[in-house]
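Colleague: Data file final-v3.cif (mmCIF, C-alpha atoms) is appended below.
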data_data
loop_
_atom_site.label_atom_id
_atom_site.label_comp_id
_atom_site.auth_asym_id
_atom_site.auth_seq_id
_atom_site.Cartn_x
_atom_site.Cartn_y
_atom_site.Cartn_z
CA MET A 1 69.68 -41.95 70.95
CA GLU A 2 72.45 -42.56 68.41
CA PHE A 3 71.42 -44.53 65.34
CA ILE A 4 72.36 -45.23 61.72
CA ALA A 5 69.90 -44.57 58.89
CA ASP A 6 69.92 -45.59 55.22
CA PHE A 7 67.07 -43.76 53.49
CA HIS A 8 67.52 -44.70 49.82
CA ILE A 9 67.05 -48.29 48.63
CA HIS A 10 64.96 -50.12 46.05
CA SER A 11 62.55 -53.02 46.38
CA LYS A 12 62.36 -56.22 44.35
CA TYR A 13 59.94 -54.38 42.05
CA SER A 14 62.63 -52.07 40.67
CA ARG A 15 64.71 -52.99 37.63
CA ALA A 16 67.98 -54.85 38.23
CA THR A 17 67.28 -55.59 41.89
CA SER A 18 67.56 -58.74 43.95
CA ARG A 19 64.39 -60.74 44.49
CA ASN A 20 65.42 -60.74 48.16
CA MET A 21 64.72 -57.02 48.49
CA ASP A 22 61.72 -57.61 50.73
CA VAL A 23 60.82 -56.43 54.21
CA LYS A 24 62.03 -59.60 55.94
CA SER A 25 65.46 -59.65 54.26
CA LEU A 26 65.95 -55.90 54.72
CA SER A 27 65.28 -56.16 58.44
CA GLU A 28 67.63 -59.15 58.81
CA TRP A 29 70.46 -57.39 56.98
CA ALA A 30 69.86 -54.13 58.83
CA LYS A 31 70.49 -56.01 62.08
CA LEU A 32 73.69 -57.54 60.70
CA LYS A 33 74.92 -54.16 59.53
CA GLY A 34 73.90 -52.24 62.65
CA ILE A 35 71.30 -50.03 60.95
CA THR A 36 68.34 -48.86 63.03
CA LEU A 37 66.32 -46.97 60.40
CA MET A 38 65.73 -47.99 56.78
CA GLY A 39 63.98 -46.21 53.96
CA THR A 40 61.32 -48.39 52.40
CA GLY A 41 62.03 -47.26 48.85
CA ASP A 42 59.52 -47.65 46.02
CA PHE A 43 56.30 -46.71 47.85
CA THR A 44 54.89 -45.66 44.46
CA HIS A 45 54.67 -49.31 43.37
CA HIS A 46 51.30 -50.87 44.27
CA LEU A 47 52.61 -54.36 45.05
CA TRP A 48 55.45 -53.11 47.23
CA LEU A 49 53.09 -50.68 48.98
CA GLU A 50 50.74 -53.57 49.72
CA GLU A 51 53.65 -55.54 51.21
CA LEU A 52 54.63 -52.55 53.34
CA LYS A 53 51.12 -52.02 54.62
CA ASN A 54 50.72 -55.72 55.45
CA ASN A 55 54.02 -56.03 57.31
CA LEU A 56 54.91 -52.73 58.93
CA GLU A 57 53.64 -51.74 62.36
CA ASP A 58 52.70 -48.06 62.75
CA CYS A 59 54.80 -46.48 65.51
CA ALA A 60 52.49 -43.42 65.61
CA ASN A 61 55.47 -41.08 65.12
CA GLY A 62 55.82 -41.05 61.33
CA LEU A 63 57.92 -44.22 61.37
CA TYR A 64 57.03 -47.90 61.04
CA LYS A 65 58.58 -51.06 62.43
CA TYR A 66 59.23 -54.67 61.46
CA ASN A 67 61.20 -57.20 63.49
CA GLY A 68 62.90 -54.50 65.56
CA ILE A 69 63.94 -52.35 62.59
CA ASN A 70 62.37 -48.94 61.96
CA PHE A 71 61.27 -47.87 58.48
CA ILE A 72 60.56 -44.48 56.97
CA LEU A 73 58.35 -44.24 53.88
CA THR A 74 60.45 -43.28 50.85
CA ALA A 75 60.38 -43.52 47.07
CA GLU A 76 62.45 -42.34 44.12
CA VAL A 77 60.91 -40.76 41.02
CA SER A 78 62.74 -40.31 37.72
CA SER A 79 61.62 -37.14 35.93
CA ILE A 80 62.45 -36.90 32.23
CA TYR A 81 61.19 -33.69 30.64
CA SER A 82 61.99 -30.75 28.37
CA LYS A 83 62.50 -27.24 29.66
CA GLY A 84 63.83 -24.23 27.80
CA GLY A 85 64.69 -26.31 24.78
CA ARG A 86 66.73 -28.91 26.73
CA THR A 87 65.93 -32.36 28.04
CA TYR A 88 66.53 -32.99 31.73
CA ARG A 89 66.65 -36.27 33.66
CA ILE A 90 66.34 -35.73 37.40
CA HIS A 91 65.96 -38.29 40.19
CA ASN A 92 64.27 -37.18 43.40
CA LEU A 93 63.67 -38.98 46.69
CA ILE A 94 60.31 -38.45 48.39
CA PHE A 95 59.90 -38.92 52.15
CA ALA A 96 56.37 -39.17 53.56
CA PRO A 97 55.16 -39.28 57.20
CA SER A 98 52.16 -41.58 56.67
CA PHE A 99 50.50 -44.09 54.37
CA LYS A 100 47.66 -41.60 54.02
CA SER A 101 50.04 -39.10 52.37
CA VAL A 102 51.57 -41.88 50.27
CA ASP A 103 48.17 -42.90 48.94
CA LEU A 104 47.39 -39.31 47.93
CA ILE A 105 50.78 -38.90 46.25
CA ASN A 106 50.35 -42.15 44.33
CA GLU A 107 46.84 -41.21 43.24
CA ARG A 108 48.08 -37.88 41.88
CA LEU A 109 51.24 -39.24 40.20
CA GLY A 110 49.26 -42.16 38.79
CA ARG A 111 47.35 -39.70 36.61
CA ILE A 112 50.63 -38.62 35.01
CA GLY A 113 52.36 -41.93 34.32
CA ASN A 114 52.38 -45.68 34.88
CA LEU A 115 53.52 -46.25 38.47
CA ALA A 116 53.27 -50.03 38.08
CA SER A 117 55.94 -50.23 35.37
CA ASP A 118 58.87 -50.02 37.79
CA GLY A 119 59.62 -49.49 41.47
CA ARG A 120 61.30 -46.26 40.43
CA PRO A 121 58.75 -44.83 37.99
CA ILE A 122 59.75 -42.67 35.03
CA LEU A 123 57.43 -39.71 34.63
CA GLY A 124 57.38 -36.88 32.11
CA LEU A 125 57.07 -34.49 35.01
CA ASP A 126 59.04 -31.32 35.70
CA ALA A 127 60.92 -31.65 39.01
CA ALA A 128 59.46 -28.35 40.19
CA GLU A 129 55.94 -29.61 39.46
CA LEU A 130 56.69 -32.86 41.30
CA ALA A 131 57.65 -30.78 44.32
CA ARG A 132 54.47 -28.70 44.06
CA ILE A 133 52.31 -31.82 43.93
CA VAL A 134 54.00 -33.47 46.91
CA PHE A 135 54.08 -30.38 49.13
CA ASP A 136 50.47 -29.48 48.29
CA ILE A 137 49.45 -32.92 49.54
CA ASP A 138 51.53 -32.79 52.72
CA ASP A 139 53.91 -29.99 53.63
CA ASN A 140 55.67 -32.37 56.06
CA CYS A 141 56.93 -34.48 53.18
CA MET A 142 60.55 -34.08 52.13
CA ILE A 143 62.01 -34.03 48.65
CA VAL A 144 65.72 -34.73 48.38
CA PRO A 145 67.44 -34.61 44.96
CA GLY A 146 69.11 -38.01 44.57
CA HIS A 147 72.81 -38.69 43.83
CA ILE A 148 73.10 -35.11 42.63
CA TRP A 149 76.26 -35.50 40.49
CA THR A 150 75.50 -38.68 38.53
CA PRO A 151 76.02 -37.74 34.85
CA TRP A 152 72.85 -39.12 33.29
CA PHE A 153 70.15 -38.78 35.97
CA SER A 154 70.61 -36.03 38.53
CA LEU A 155 70.23 -32.42 39.54
CA PHE A 156 73.77 -31.40 38.53
CA GLY A 157 74.50 -34.26 36.11
CA SER A 158 76.89 -33.34 33.31
CA MET A 159 74.64 -34.95 30.68
CA SER A 160 71.22 -34.20 32.09
CA GLY A 161 71.13 -31.59 34.83
CA PHE A 162 71.18 -27.94 35.82
CA ASP A 163 73.94 -25.60 37.00
CA ARG A 164 71.73 -24.07 39.69
CA ILE A 165 69.19 -25.74 41.96
CA GLU A 166 66.91 -22.70 41.58
CA ASP A 167 66.63 -23.36 37.84
CA CYS A 168 65.41 -26.87 38.59
CA PHE A 169 62.96 -26.29 41.44
CA GLU A 170 61.97 -22.66 40.79
CA ASP A 171 59.63 -21.34 43.52
CA GLN A 172 59.82 -24.69 45.35
CA THR A 173 63.54 -24.30 46.04
CA PRO A 174 63.06 -22.92 49.60
CA LYS A 175 61.33 -26.18 50.53
CA ILE A 176 64.34 -28.25 49.45
CA PHE A 177 66.80 -28.44 52.34
CA ALA A 178 68.77 -31.68 51.84
CA LEU A 179 70.77 -33.19 48.96
CA GLU A 180 72.10 -36.71 48.45
CA THR A 181 75.79 -36.78 47.51
CA GLY A 182 75.76 -40.16 45.74
CA LEU A 183 78.41 -42.88 45.65
CA SER A 184 80.78 -41.00 43.33
CA SER A 185 81.10 -37.89 45.50
CA ASP A 186 81.63 -37.16 49.17
CA PRO A 187 80.85 -34.03 51.23
CA ALA A 188 84.34 -32.58 50.74
CA MET A 189 83.75 -32.37 47.00
CA ASN A 190 80.40 -30.65 47.56
CA TRP A 191 81.94 -28.17 50.01
CA ARG A 192 83.72 -26.57 47.04
CA ILE A 193 80.41 -25.08 45.85
CA SER A 194 79.32 -22.23 48.14
CA ALA A 195 75.73 -22.34 46.83
CA LEU A 196 75.33 -25.73 48.56
CA ASP A 197 76.28 -24.50 52.03
CA LYS A 198 72.67 -24.04 53.12
CA PHE A 199 71.75 -27.62 52.27
CA THR A 200 72.22 -30.67 54.49
CA LEU A 201 74.20 -33.39 52.69
CA ILE A 202 72.99 -36.94 53.24
CA SER A 203 74.40 -40.24 51.99
CA ASN A 204 72.59 -43.49 51.29
CA SER A 205 73.31 -46.86 49.74
CA ASP A 206 70.85 -46.71 46.80
CA SER A 207 71.03 -50.46 47.29
CA HIS A 208 69.57 -53.02 44.89
CA SER A 209 70.42 -56.00 47.13
CA PRO A 210 70.16 -56.52 50.90
CA GLN A 211 73.90 -57.12 51.34
CA LYS A 212 74.70 -53.61 50.08
CA ILE A 213 72.48 -51.60 52.41
CA GLY A 214 74.51 -49.23 54.57
CA ARG A 215 77.43 -48.92 52.15
CA GLU A 216 76.60 -45.24 52.59
CA ALA A 217 74.48 -44.05 55.50
CA ASN A 218 73.80 -41.32 58.07
CA VAL A 219 74.53 -41.25 61.81
CA PHE A 220 72.12 -39.33 64.04
CA ASN A 221 71.87 -38.64 67.76
CA CYS A 222 68.27 -37.56 68.20
CA ALA A 223 64.78 -38.85 68.88
CA LEU A 224 63.78 -41.64 66.54
CA ASP A 225 60.72 -40.08 64.92
CA TYR A 226 59.86 -38.50 61.56
CA LYS A 227 59.26 -34.97 62.85
CA THR A 228 62.61 -34.79 64.66
CA ILE A 229 64.60 -36.26 61.79
CA ARG A 230 63.00 -33.77 59.41
CA GLU A 231 63.82 -30.91 61.78
CA VAL A 232 67.44 -32.03 62.11
CA LEU A 233 67.83 -32.20 58.32
CA LYS A 234 66.07 -28.88 57.77
CA THR A 235 68.18 -27.01 60.34
CA LYS A 236 71.43 -28.79 59.41
CA ASP A 237 71.93 -29.53 63.11
CA ASN A 238 75.43 -30.96 63.46
CA LYS A 239 74.85 -31.63 67.16
CA ARG A 240 72.21 -34.21 66.26
CA PHE A 241 73.36 -35.20 62.76
CA LEU A 242 76.78 -36.53 63.71
CA TYR A 243 78.30 -37.63 60.38
CA THR A 244 77.73 -39.50 57.14
CA ILE A 245 79.23 -42.86 56.22
CA GLU A 246 80.75 -42.66 52.74
CA PHE A 247 82.24 -44.79 50.02
CA PHE A 248 85.67 -43.69 49.00
CA PRO A 249 84.16 -41.71 46.10
CA GLU A 250 86.73 -43.09 43.67
CA GLU A 251 84.90 -46.41 43.99
CA GLY A 252 81.74 -44.87 42.54
CA LYS A 253 80.78 -45.62 38.93
CA TYR A 254 81.09 -42.05 37.67
CA HIS A 255 83.97 -40.50 39.58
CA TYR A 256 86.29 -39.92 36.61
CA ASP A 257 85.57 -39.15 32.97
CA GLY A 258 85.82 -41.85 30.35
CA HIS A 259 84.46 -44.20 27.73
CA ARG A 260 83.83 -47.69 29.06
CA LEU A 261 83.57 -49.45 25.70
CA CYS A 262 87.10 -48.34 24.83
CA GLY A 263 88.51 -48.71 28.34
CA VAL A 264 89.36 -45.00 28.49
CA ARG A 265 89.55 -43.63 32.07
CA TRP A 266 90.57 -39.96 32.37
CA SER A 267 91.09 -37.27 34.95
CA PRO A 268 89.56 -33.88 34.08
CA LYS A 269 93.00 -32.71 32.94
CA GLU A 270 93.33 -35.63 30.51
CA THR A 271 89.81 -35.00 29.19
CA LYS A 272 90.71 -31.38 28.50
CA GLU A 273 93.92 -32.39 26.75
CA ASN A 274 91.89 -34.63 24.43
CA ASN A 275 89.14 -32.03 23.84
CA GLY A 276 86.59 -34.28 25.56
CA ARG A 277 86.73 -37.00 22.91
CA CYS A 278 87.80 -40.61 23.27
CA ASN A 279 91.22 -41.06 21.66
CA ILE A 280 90.16 -44.48 20.32
CA CYS A 281 86.67 -44.05 18.83
CA LYS A 282 86.64 -40.22 18.78
CA LYS A 283 83.20 -40.05 20.43
CA PRO A 284 82.59 -37.70 23.40
CA VAL A 285 83.52 -39.25 26.76
CA THR A 286 81.12 -39.26 29.68
CA ILE A 287 82.01 -36.37 31.97
CA GLY A 288 82.25 -37.68 35.52
CA VAL A 289 81.65 -36.20 38.94
CA VAL A 290 85.12 -34.79 39.62
CA ASN A 291 85.07 -32.84 36.36
CA ARG A 292 81.52 -31.61 36.89
CA VAL A 293 82.29 -30.45 40.44
CA GLU A 294 85.33 -28.62 39.08
CA GLN A 295 83.11 -26.83 36.54
CA LEU A 296 80.79 -25.45 39.24
CA ALA A 297 83.29 -25.01 42.09
CA ASP A 298 84.08 -21.54 43.43
CA ARG A 299 86.40 -22.81 46.18
CA PRO A 300 89.68 -24.73 46.23
CA GLU A 301 90.03 -28.38 47.20
CA GLY A 302 90.20 -28.83 50.95
CA PHE A 303 87.85 -25.97 51.83
CA LYS A 304 85.57 -26.80 54.78
CA PRO A 305 82.53 -24.60 55.48
CA LEU A 306 81.52 -23.65 58.99
CA ASN A 307 78.92 -25.91 60.63
CA SER A 308 79.37 -28.65 58.05
CA ILE A 309 78.38 -32.23 58.87
CA PRO A 310 81.51 -34.43 59.14
CA PHE A 311 81.96 -37.66 57.20
CA LYS A 312 83.92 -40.91 57.39
CA ASN A 313 85.02 -43.05 54.44
CA PHE A 314 84.69 -46.81 54.78
CA ILE A 315 84.97 -49.99 52.74
CA PRO A 316 82.35 -52.70 53.45
CA LEU A 317 83.63 -55.57 55.57
CA ASP A 318 83.10 -58.23 52.90
CA GLU A 319 85.37 -56.24 50.55
CA ILE A 320 88.07 -56.07 53.22
CA ILE A 321 87.86 -59.83 53.81
CA ALA A 322 87.95 -60.50 50.07
CA ASP A 323 90.98 -58.25 49.64
CA VAL A 324 92.82 -60.10 52.41
CA LYS A 325 92.02 -63.48 50.90
CA GLY A 326 92.57 -62.36 47.32
CA ILE A 327 89.21 -63.77 46.21
CA ASN A 328 85.82 -62.48 45.05
CA LYS A 329 83.66 -60.89 47.75
CA GLY A 330 80.71 -63.05 46.67
CA SER A 331 82.53 -66.30 47.49
CA VAL A 332 81.37 -68.77 50.13
CA ALA A 333 84.60 -68.30 52.11
CA VAL A 334 84.05 -64.56 52.43
CA GLU A 335 80.43 -65.06 53.49
CA ARG A 336 81.48 -67.62 56.09
CA ASP A 337 84.12 -65.35 57.60
CA TYR A 338 81.81 -62.33 57.51
CA HIS A 339 79.17 -64.04 59.65
CA SER A 340 81.83 -65.54 61.92
CA TYR A 341 83.26 -62.10 62.72
CA LEU A 342 79.82 -60.61 63.28
CA ALA A 343 79.04 -63.38 65.77
CA LYS A 344 81.98 -62.11 67.84
CA PHE A 345 81.50 -58.35 67.49
CA GLY A 346 77.76 -57.84 67.00
CA THR A 347 77.39 -55.83 63.79
CA GLU A 348 79.42 -54.80 60.75
CA PHE A 349 79.53 -51.18 61.89
CA ASP A 350 80.80 -52.29 65.31
CA ILE A 351 83.81 -53.74 63.49
CA LEU A 352 84.29 -50.94 60.96
CA MET A 353 83.76 -47.95 63.25
CA ARG A 354 83.61 -48.71 66.96
CA ALA A 355 85.82 -51.59 68.09
CA PRO A 356 89.16 -50.39 69.56
CA LYS A 357 92.40 -51.54 67.97
CA ASP A 358 93.24 -54.03 70.72
CA VAL A 359 89.77 -55.59 70.55
CA LEU A 360 90.04 -55.94 66.76
CA SER A 361 93.45 -57.55 67.12
CA LYS A 362 92.12 -60.14 69.56
CA GLY A 363 88.92 -60.95 67.68
CA LEU A 364 90.01 -60.90 64.02
CA PRO A 365 92.81 -62.52 62.02
CA PRO A 366 95.81 -60.14 62.05
CA LYS A 367 95.56 -59.13 58.40
CA VAL A 368 91.80 -58.50 58.56
CA ALA A 369 92.28 -56.36 61.67
CA GLU A 370 95.07 -54.50 59.89
CA GLY A 371 92.78 -54.01 56.89
CA VAL A 372 90.04 -52.46 59.04
CA LEU A 373 92.54 -50.11 60.67
CA ARG A 374 94.00 -49.07 57.32
CA VAL A 375 90.52 -48.25 56.02
CA ARG A 376 89.81 -46.14 59.11
CA GLU A 377 92.99 -44.20 58.41
CA GLY A 378 92.30 -43.89 54.67
CA ARG A 379 95.39 -45.91 53.72
CA VAL A 380 93.91 -47.61 50.66
CA ASN A 381 94.74 -47.92 46.98
CA LEU A 382 92.21 -46.38 44.63
CA LYS A 383 91.56 -46.65 40.90
CA ALA A 384 88.67 -44.35 40.03
CA GLY A 385 85.43 -45.57 38.47
CA PHE A 386 84.25 -44.08 35.18
CA ASP A 387 81.36 -44.17 32.68
CA GLY A 388 79.26 -46.66 34.67
CA GLU A 389 82.11 -48.91 35.82
CA TYR A 390 82.82 -49.16 39.54
CA GLY A 391 86.27 -48.10 40.68
CA LYS A 392 88.80 -50.61 41.97
CA ILE A 393 89.80 -50.32 45.60
CA SER A 394 92.37 -52.40 47.47
CA ILE A 395 94.15 -52.32 50.78
CA PHE A 396 97.17 -54.60 50.45
CA ALA A 397 97.89 -54.59 46.71
CA GLU A 398 100.97 -52.37 46.88
CA ASP A 399 102.37 -54.29 49.86
CA GLU A 400 101.95 -57.61 48.08
CA ALA A 401 103.56 -56.28 44.89
CA LYS A 402 106.48 -55.00 46.95
CA ASN A 403 106.86 -58.35 48.73
CA ARG A 404 106.76 -60.24 45.43
CA ASN A 405 109.48 -57.99 44.01
CA GLU A 406 111.64 -58.50 47.09
CA GLU A 407 111.20 -62.26 46.87
CA GLN A 408 112.20 -62.21 43.19
CA LEU A 409 115.30 -60.15 43.96
CA LYS A 410 116.40 -62.76 46.51
CA LEU A 411 116.57 -65.29 43.70
CA PHE A 412 119.47 -63.45 42.03
#
Any chance you could give the structure as structure tokens?

Modeller:
Amino acid sequence: MEFIADFHIHSKYSRATSRNMDVKSLSEWAKLKGITLMGTGDFTHHLWLEELKNNLEDCANGLYKYNGINFILTAEVSSIYSKGGRTYRIHNLIFAPSFKSVDLINERLGRIGNLASDGRPILGLDAAELARIVFDIDDNCMIVPGHIWTPWFSLFGSMSGFDRIEDCFEDQTPKIFALETGLSSDPAMNWRISALDKFTLISNSDSHSPQKIGREANVFNCALDYKTIREVLKTKDNKRFLYTIEFFPEEGKYHYDGHRLCGVRWSPKETKENNGRCNICKKPVTIGVVNRVEQLADRPEGFKPLNSIPFKNFIPLDEIIADVKGINKGSVAVERDYHSYLAKFGTEFDILMRAPKDVLSKGLPPKVAEGVLRVREGRVNLKAGFDGEYGKISIFAEDEAKNRNEEQLKLF
């Protein structure tokens, strides 16, 4: 069966998350989005784990269910540790096939640090040792390095990571077979590094609120069970892993280099011209994902490896509606229209990905339908994010500016 999966989210027990990040809200929003399989996130937190155990029905196939939505047991661990005279900050996702394995993992990690402090615990634990602990408990678990290019907390982060995955995971590297691209990169950027060819690239929302689940996701055509999903990821099976759903990576918070406090946003070329220092305060700028990929790349832009998993870039529907109306996406008017359109089409992904042009034209206001079609074709305006600030993305901005200029010219 074909289904959409979002493996990486956080519960209401993680910092800076919505109090609505609970099982009930997640299942409701998954239905609105068109997502069949959700990661639980945060299984290391005792209160969230209790909620999961009390609400989820065991499907006896490594997955769990609530209100028609399937869940897979996941968590994210932040490892901050010294190695070879350097400090590293690595985020890893853990996938587990049962609560039994989760309990054993939590018992072991609980000896190392305080799991109750945050839904995403911070442990002074080497990433390689984390992998050893998890795989010793259950070899069917999966560890996936999270948002691998984020500057401050990731495998290849410019401020905190490694140049080679083998240096991070040591003898555990052969058991790592999937990597998460993160919001600020897409598969095409990762294809420039030949050392990543053997890994399956997945994409997830890393959502802190229910409305943002599915902003990045994965589309499978396989049996809906843990063992099969793991096999598909391990073998990089592009017959059963159809494609990933991606942000336009420019919208991510760390796409370009820069210094947010001074409003400095730079391409790698501009950073080099300024010797990596902010031209206002003279402090080093944060090196973003594009620059970091360029540092490690051994292939030109546009290279596509054989047997790669395809991807599609999308903008969430509420952002399209907001762009059309010229208002904030959190407004009541956008919310009203969003639910009105879903009542006609079924789910958000039905509108964004599946509905034919003529059906969109009949069921949506003309400009909203045009916006969806432009996004499908990649005809959008992008201003890259930098140093923790999301990028700006618009669909009609240039058209509107052109129309305003034409109107002004008519006055003379």

Colleague: Please provide as a VMD selection string all residues within 9 Å of Trp149 (chain A), with the sequence filter that same-chain residues fewer than 4 positions apart are discarded (counting all atoms listed in the file).

Modeller: chain A and resid 153 to 158 161 181 to 182 184 to 185 254 288 to 290 292 to 293

Colleague: For Pro366 (chain A), which residue out of A:Ala384, A:Phe71, A:Tyr226, A:Ile321 is the nearest one, using only C-alpha atoms?

Modeller: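 The answer is A:Ile321, which sits nearest to Pro366 (chain A).
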
Colleague: In terms of the shortest atom-to-atom distance over all atoms listed in the file, which of A:Thr347, A:Thr40, A:Asn221, A:Thr150 is closest to Ile90 (chain A)?

Modeller: A:Thr150

Colleague: What is the distance between CA of Leu115 (chain A) and CA of Ala131 (chain A), in Å to one decimal?

Modeller: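 So the answer is 17.0 Å.
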
Colleague: Can you translate the PyMOL selection byres ((chain A and resi 365) around 12) into the concrete residues it hits in this file, as a PDB file with C-alpha atoms, keeping the file's coordinate frame?

Modeller:
ATOM      1  CA  ILE A 320      88.070 -56.070  53.220  1.00  0.00           C
ATOM      2  CA  ILE A 321      87.860 -59.830  53.810  1.00  0.00           C
ATOM      3  CA  VAL A 324      92.820 -60.100  52.410  1.00  0.00           C
ATOM      4  CA  LYS A 325      92.020 -63.480  50.900  1.00  0.00           C
ATOM      5  CA  ASP A 337      84.120 -65.350  57.600  1.00  0.00           C
ATOM      6  CA  TYR A 338      81.810 -62.330  57.510  1.00  0.00           C
ATOM      7  CA  SER A 340      81.830 -65.540  61.920  1.00  0.00           C
ATOM      8  CA  TYR A 341      83.260 -62.100  62.720  1.00  0.00           C
ATOM      9  CA  VAL A 359      89.770 -55.590  70.550  1.00  0.00           C
ATOM     10  CA  LEU A 360      90.040 -55.940  66.760  1.00  0.00           C
ATOM     11  CA  SER A 361      93.450 -57.550  67.120  1.00  0.00           C
ATOM     12  CA  LYS A 362      92.120 -60.140  69.560  1.00  0.00           C
ATOM     13  CA  GLY A 363      88.920 -60.950  67.680  1.00  0.00           C
ATOM     14  CA  LEU A 364      90.010 -60.900  64.020  1.00  0.00           C
ATOM     15  CA  PRO A 366      95.810 -60.140  62.050  1.00  0.00           C
ATOM     16  CA  LYS A 367      95.560 -59.130  58.400  1.00  0.00           C
ATOM     17  CA  VAL A 368      91.800 -58.500  58.560  1.00  0.00           C
ATOM     18  CA  ALA A 369      92.280 -56.360  61.670  1.00  0.00           C
ATOM     19  CA  GLU A 370      95.070 -54.500  59.890  1.00  0.00           C
ATOM     20  CA  GLY A 371      92.780 -54.010  56.890  1.00  0.00           C
ATOM     21  CA  VAL A 372      90.040 -52.460  59.040  1.00  0.00           C
TER      22      VAL A 372
END

Colleague: Go through the shown structure with the PyMOL selection byres ((chain A and resi 271-286) around 9) and write out the matching residues as a list in words.

Modeller: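 Selection result, ordered by chain and number: Pro151, Ser158, Met159, Tyr254, Tyr256, Asp257, Gly258, His259, Arg260, Cys262, Val264, Trp266, Ser267, Pro268, Lys269, Glu270, Ile287, Gly288, Asn291, Phe386 and Asp387 of chain A.
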
Colleague: Export C-alpha atoms of the chosen residues as a CSV table (one decimal), in the coordinates of the input?

Modeller:
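Heads up, here's the output in part_27.csv:
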chain,number,residue,atom,x,y,z
A,151,PRO,CA,76.0,-37.7,34.8
A,158,SER,CA,76.9,-33.3,33.3
A,159,MET,CA,74.6,-35.0,30.7
A,254,TYR,CA,81.1,-42.0,37.7
A,256,TYR,CA,86.3,-39.9,36.6
A,257,ASP,CA,85.6,-39.2,33.0
A,258,GLY,CA,85.8,-41.8,30.4
A,259,HIS,CA,84.5,-44.2,27.7
A,260,ARG,CA,83.8,-47.7,29.1
A,262,CYS,CA,87.1,-48.3,24.8
A,264,VAL,CA,89.4,-45.0,28.5
A,266,TRP,CA,90.6,-40.0,32.4
A,267,SER,CA,91.1,-37.3,35.0
A,268,PRO,CA,89.6,-33.9,34.1
A,269,LYS,CA,93.0,-32.7,32.9
A,270,GLU,CA,93.3,-35.6,30.5
A,287,ILE,CA,82.0,-36.4,32.0
A,288,GLY,CA,82.2,-37.7,35.5
A,291,ASN,CA,85.1,-32.8,36.4
A,386,PHE,CA,84.2,-44.1,35.2
A,387,ASP,CA,81.4,-44.2,32.7

Colleague: How would you write, as a list in words, the residues chosen by the PyMOL selection byres ((chain A and resi 307) around 12) on this structure?

Modeller: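 When the PyMOL selection byres ((chain A and resi 307) around 12) is applied, the selected residues are Trp191, Asp197, Lys198, Phe199, Thr200, Leu201, Thr235, Lys236, Asp237, Asn238, Lys239, Phe241, Leu242, Tyr243, Lys304, Pro305, Leu306, Ser308, Ile309 and Pro310 of chain A.
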
Colleague: Using C-alpha atoms, can you export the residues from the last selection as a PDB file, in the coordinates of the input?

Modeller:
ATOM      1  CA  TRP A 191      81.940 -28.170  50.010  1.00  0.00           C
ATOM      2  CA  ASP A 197      76.280 -24.500  52.030  1.00  0.00           C
ATOM      3  CA  LYS A 198      72.670 -24.040  53.120  1.00  0.00           C
ATOM      4  CA  PHE A 199      71.750 -27.620  52.270  1.00  0.00           C
ATOM      5  CA  THR A 200      72.220 -30.670  54.490  1.00  0.00           C
ATOM      6  CA  LEU A 201      74.200 -33.390  52.690  1.00  0.00           C
ATOM      7  CA  THR A 235      68.180 -27.010  60.340  1.00  0.00           C
ATOM      8  CA  LYS A 236      71.430 -28.790  59.410  1.00  0.00           C
ATOM      9  CA  ASP A 237      71.930 -29.530  63.110  1.00  0.00           C
ATOM     10  CA  ASN A 238      75.430 -30.960  63.460  1.00  0.00           C
ATOM     11  CA  LYS A 239      74.850 -31.630  67.160  1.00  0.00           C
ATOM     12  CA  PHE A 241      73.360 -35.200  62.760  1.00  0.00           C
ATOM     13  CA  LEU A 242      76.780 -36.530  63.710  1.00  0.00           C
ATOM     14  CA  TYR A 243      78.300 -37.630  60.380  1.00  0.00           C
ATOM     15  CA  LYS A 304      85.570 -26.800  54.780  1.00  0.00           C
ATOM     16  CA  PRO A 305      82.530 -24.600  55.480  1.00  0.00           C
ATOM     17  CA  LEU A 306      81.520 -23.650  58.990  1.00  0.00           C
ATOM     18  CA  SER A 308      79.370 -28.650  58.050  1.00  0.00           C
ATOM     19  CA  ILE A 309      78.380 -32.230  58.870  1.00  0.00           C
ATOM     20  CA  PRO A 310      81.510 -34.430  59.140  1.00  0.00           C
TER      21      PRO A 310
END

Colleague: Select, from A:Gly39, A:Gly146, A:Gly68, A:Pro121, the residue with the minimum atom-to-atom distance to Phe95 (chain A), counting all atoms listed in the file.

Modeller: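 Ranked by minimum distance to Phe95 (chain A), first place goes to A:Gly39.
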
Colleague: So which one's closest to Thr17 (chain A), A:His208, A:His91, A:Arg111, A:Lys33? Using all atoms listed in the file, please.

Modeller: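 Among the listed residues, A:His208 lies closest to Thr17 (chain A).
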
Colleague: Looking at A:Ser205, A:Ser394, A:Ser160, A:Asn140, which one is nearest to Gly62 (chain A), with distances taken over all atoms listed in the file?

Modeller: A:Asn140

Colleague: For CA of Thr228 (chain A) and CA of Asn204 (chain A), determine how far apart the two atoms are, in Å to one decimal place.

Modeller: 18.8 Å

Colleague: Per residue of region 208-259 of chain A within 10 Å of region 1-10 of chain A, which atom pair is closest and at what distance in Å (one decimal), using only C-alpha atoms, listed by chain and increasing number, as CSV?

Modeller:
residue,atom,partner,partner_atom,distance
A:His208,CA,A:His10,CA,5.6
A:Ser209,CA,A:His10,CA,8.1
A:Pro210,CA,A:Ile9,CA,9.1
A:Lys212,CA,A:Ile9,CA,9.4
A:Ile213,CA,A:Asp6,CA,7.1
A:Gly214,CA,A:Asp6,CA,5.9
A:Arg215,CA,A:Asp6,CA,8.8
A:Glu216,CA,A:Asp6,CA,7.2
A:Ala217,CA,A:Asp6,CA,4.8
A:Asn218,CA,A:Ala5,CA,5.1
A:Val219,CA,A:Ile4,CA,4.5
A:Phe220,CA,A:Phe3,CA,5.4
A:Asn221,CA,A:Glu2,CA,4.0
A:Cys222,CA,A:Met1,CA,5.4
A:Ala223,CA,A:Met1,CA,6.2
A:Leu224,CA,A:Met1,CA,7.4
A:Arg240,CA,A:Glu2,CA,8.6
A:Phe241,CA,A:Glu2,CA,9.3
A:Leu242,CA,A:Glu2,CA,8.8
A:Tyr243,CA,A:Ile4,CA,9.7
A:Thr244,CA,A:Ile4,CA,9.1
A:Ile245,CA,A:Ile4,CA,9.1
